[in-house]
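Below is one structure, written out as C-alpha cells; comments come after it.
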Amino acid sequence: MIKKEMSSGSALLNPAQAGQERMLKYKTLAVAFLYPDDNLFGIFPDIRPDREKLQAEYDRLFRAKEIWLYTTEYLAENEFQRADYLADIMGFYRAFGMDTNKDRPDALPGVLEFMYYLIFKEQRAQATENALICLDAQKKFFTQYVYAPAKKIAETIIAQAQNSFYKEMAEELLEFVESEKKVLAR
C-alpha cells in the first residue's frame, strides 16, 4: 500500500531515530499535498500510472472545491488577523534562515516542510542551547500554525475525496498531527 508508517515502537526509539522518523513523515506529507508531479512520484512510485487521475482529483479538491491548503484560512477570523498570522509565519521562517517559494507562507506543504527543517536543525545542534531553541520553535509553530488547521484540512479532504490516495494521505495527516501533539507536549 501507499502508507509509509512510523514504526510502532517509535516511543522506544532513541531521540535521533524518532527525530528521523518524524522528519520523514513531515517530508512525505508535505510532498503528498503538492500538485502531483515528479516529486510526488519519486516518493510514491506505485501511483505513477494514476498521474492524470491524481491531477484531476487535485484540481477538483483543491482548486474547484476550494479546500484551502492554506493554514491561516482555518485560523483567521478576518483579513487583518490573516495578515498578522502570515507575518508571524514569515518571522518564524526568517528566524531560521528560510524563505518561501512562490506559494504563500501558510501553504500546508510549506508549513510541514518547515517542521521537517526544525527537526533537522534540532538534530544537527544535538544537545546544545540551539537544539532547545529548535525544539521550542517546533512546539510553538506546531501549536499555532500546524495542528488545528491541518486537522481541519484533513477532515475536509476525508469527507470530499474520491481518490483513495488523497483520502489515505489525509487520514495519515490526521493521525500524525495527533501523535505530534503528544510528542511535542513532553
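If you're wondering about the labels, chains in the C-alpha cells are A, B, ... by order shown, residues count from 1 in each chain, ligands from 1 in order shown.
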### Message
Applying 12 Å and only C-alpha atoms, which residues near Gly42 (chain A) remain after dropping the ones on its own chain fewer than 6 positions away? List them as JSON, numbers by chain.
### Response
{"A": [28, 31, 32, 36, 48]}
### Task
Just give me the gap between CA of Leu118 (chain A) and CA of Ile47 (chain A) in Å, one decimal is fine.
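Taking CA of Leu118 (chain A) and CA of Ile47 (chain A), their separation equals 29.3 Å.
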### Task
Have a look at A:Arg124, A:Lys167, A:Arg94, A:Lys140 and name the one nearest to Ile153 (chain A); count only C-alpha atoms.
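Of the candidates, the smallest distance to Ile153 (chain A) is held by A:Lys167.
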Could you pull the residues within 9 Å of Tyr116 (chain A), counting only C-alpha atoms, minus those fewer than 3 positions along the same chain, as an mmCIF file with C-alpha atoms, in the first residue's frame?
data_model
loop_
_atom_site.group_PDB
_atom_site.id
_atom_site.type_symbol
_atom_site.label_atom_id
_atom_site.label_comp_id
_atom_site.auth_asym_id
_atom_site.auth_seq_id
_atom_site.Cartn_x
_atom_site.Cartn_y
_atom_site.Cartn_z
ATOM 1 C CA ARG A 22 9.273 12.430 12.320
ATOM 2 C CA MET A 23 11.318 14.199 9.635
ATOM 3 C CA LEU A 24 10.472 11.513 7.073
ATOM 4 C CA LYS A 25 6.775 11.772 7.890
ATOM 5 C CA TYR A 26 6.731 15.574 7.593
ATOM 6 C CA LYS A 27 8.575 15.407 4.272
ATOM 7 C CA VAL A 111 4.483 24.532 6.972
ATOM 8 C CA LEU A 112 5.036 20.756 7.016
ATOM 9 C CA GLU A 113 8.388 21.243 5.293
ATOM 10 C CA ILE A 119 13.654 18.813 13.446
ATOM 11 C CA PHE A 120 16.674 18.628 11.142
ATOM 12 C CA LYS A 121 18.180 21.735 12.786
#
### Task
Considering only C-alpha atoms, return as a ChimeraX atom specification whatever protein or nucleic-acid residues lie within 12 Å of region 68-84 of chain A, sequence-local ones (same chain, fewer than 5 positions apart) excluded.
/A:30,32-35,58-63,89-91,103-112,141-154,156-157,170
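Counting only C-alpha atoms and comparing A:Asn163, A:Val183, A:Glu168, A:Ala137, the residue that lies closest to Phe96 (chain A) is A:Ala137.
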### Message
Run DSSP on the backbone and tell me which residues of region 25-88 of chain A come out as alpha helix (DSSP H); list them as a ChimeraX atom specification.
### Response
/A:25-32,38-43,51-59,79-88
### Query
Leaving out Leu135 (chain A) and any residue of its chain fewer than 4 positions from it, which residues lie within 7 Å of it when counting only C-alpha atoms, given as a PyMOL selection string?
chain A and resi 122+131+139
Would you mind exporting the chosen residues as a PDB file, in the first residue's frame, restricted to N, CA and C atoms?
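The file below, part_11.pdb, is the result:
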ATOM      1  N   GLU A 122      17.364  20.798  14.877  1.00  0.00           N
ATOM      2  CA  GLU A 122      17.492  20.325  16.259  1.00  0.00           C
ATOM      3  C   GLU A 122      18.486  19.165  16.327  1.00  0.00           C
ATOM      4  N   ALA A 131      19.709  23.460  20.083  1.00  0.00           N
ATOM      5  CA  ALA A 131      18.744  22.362  19.967  1.00  0.00           C
ATOM      6  C   ALA A 131      17.477  22.694  20.739  1.00  0.00           C
ATOM      7  N   LYS A 139       7.527  23.395  18.939  1.00  0.00           N
ATOM      8  CA  LYS A 139       6.334  23.383  19.788  1.00  0.00           C
ATOM      9  C   LYS A 139       5.432  24.572  19.481  1.00  0.00           C
TER      10      LYS A 139
END
### Pairwise distance for CA of Asn14 (chain A) and CA of Leu173 (chain A), rounded to one decimal in Å
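Between CA of Asn14 (chain A) and CA of Leu173 (chain A) the gap is 23.1 Å.
Distance check against Glu175 (chain A) using only C-alpha atoms: of A:Met98, A:Leu29, A:Ala16, A:Ala56, the minimum falls on A:Leu29.
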### Query
Between A:Gln123, A:Leu54, A:Ile158, A:Lys65, which has the minimum distance to Gln20 (chain A) (counting only C-alpha atoms)?
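Checking each candidate against Gln20 (chain A), we get A:Gln123 as the closest.
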### Query
Which of these residues is nearest to Phe92 (chain A), using only C-alpha atoms: A:Glu57, A:Glu129, A:Glu66, A:Asp136?
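The closest residue to Phe92 (chain A) is A:Asp136.
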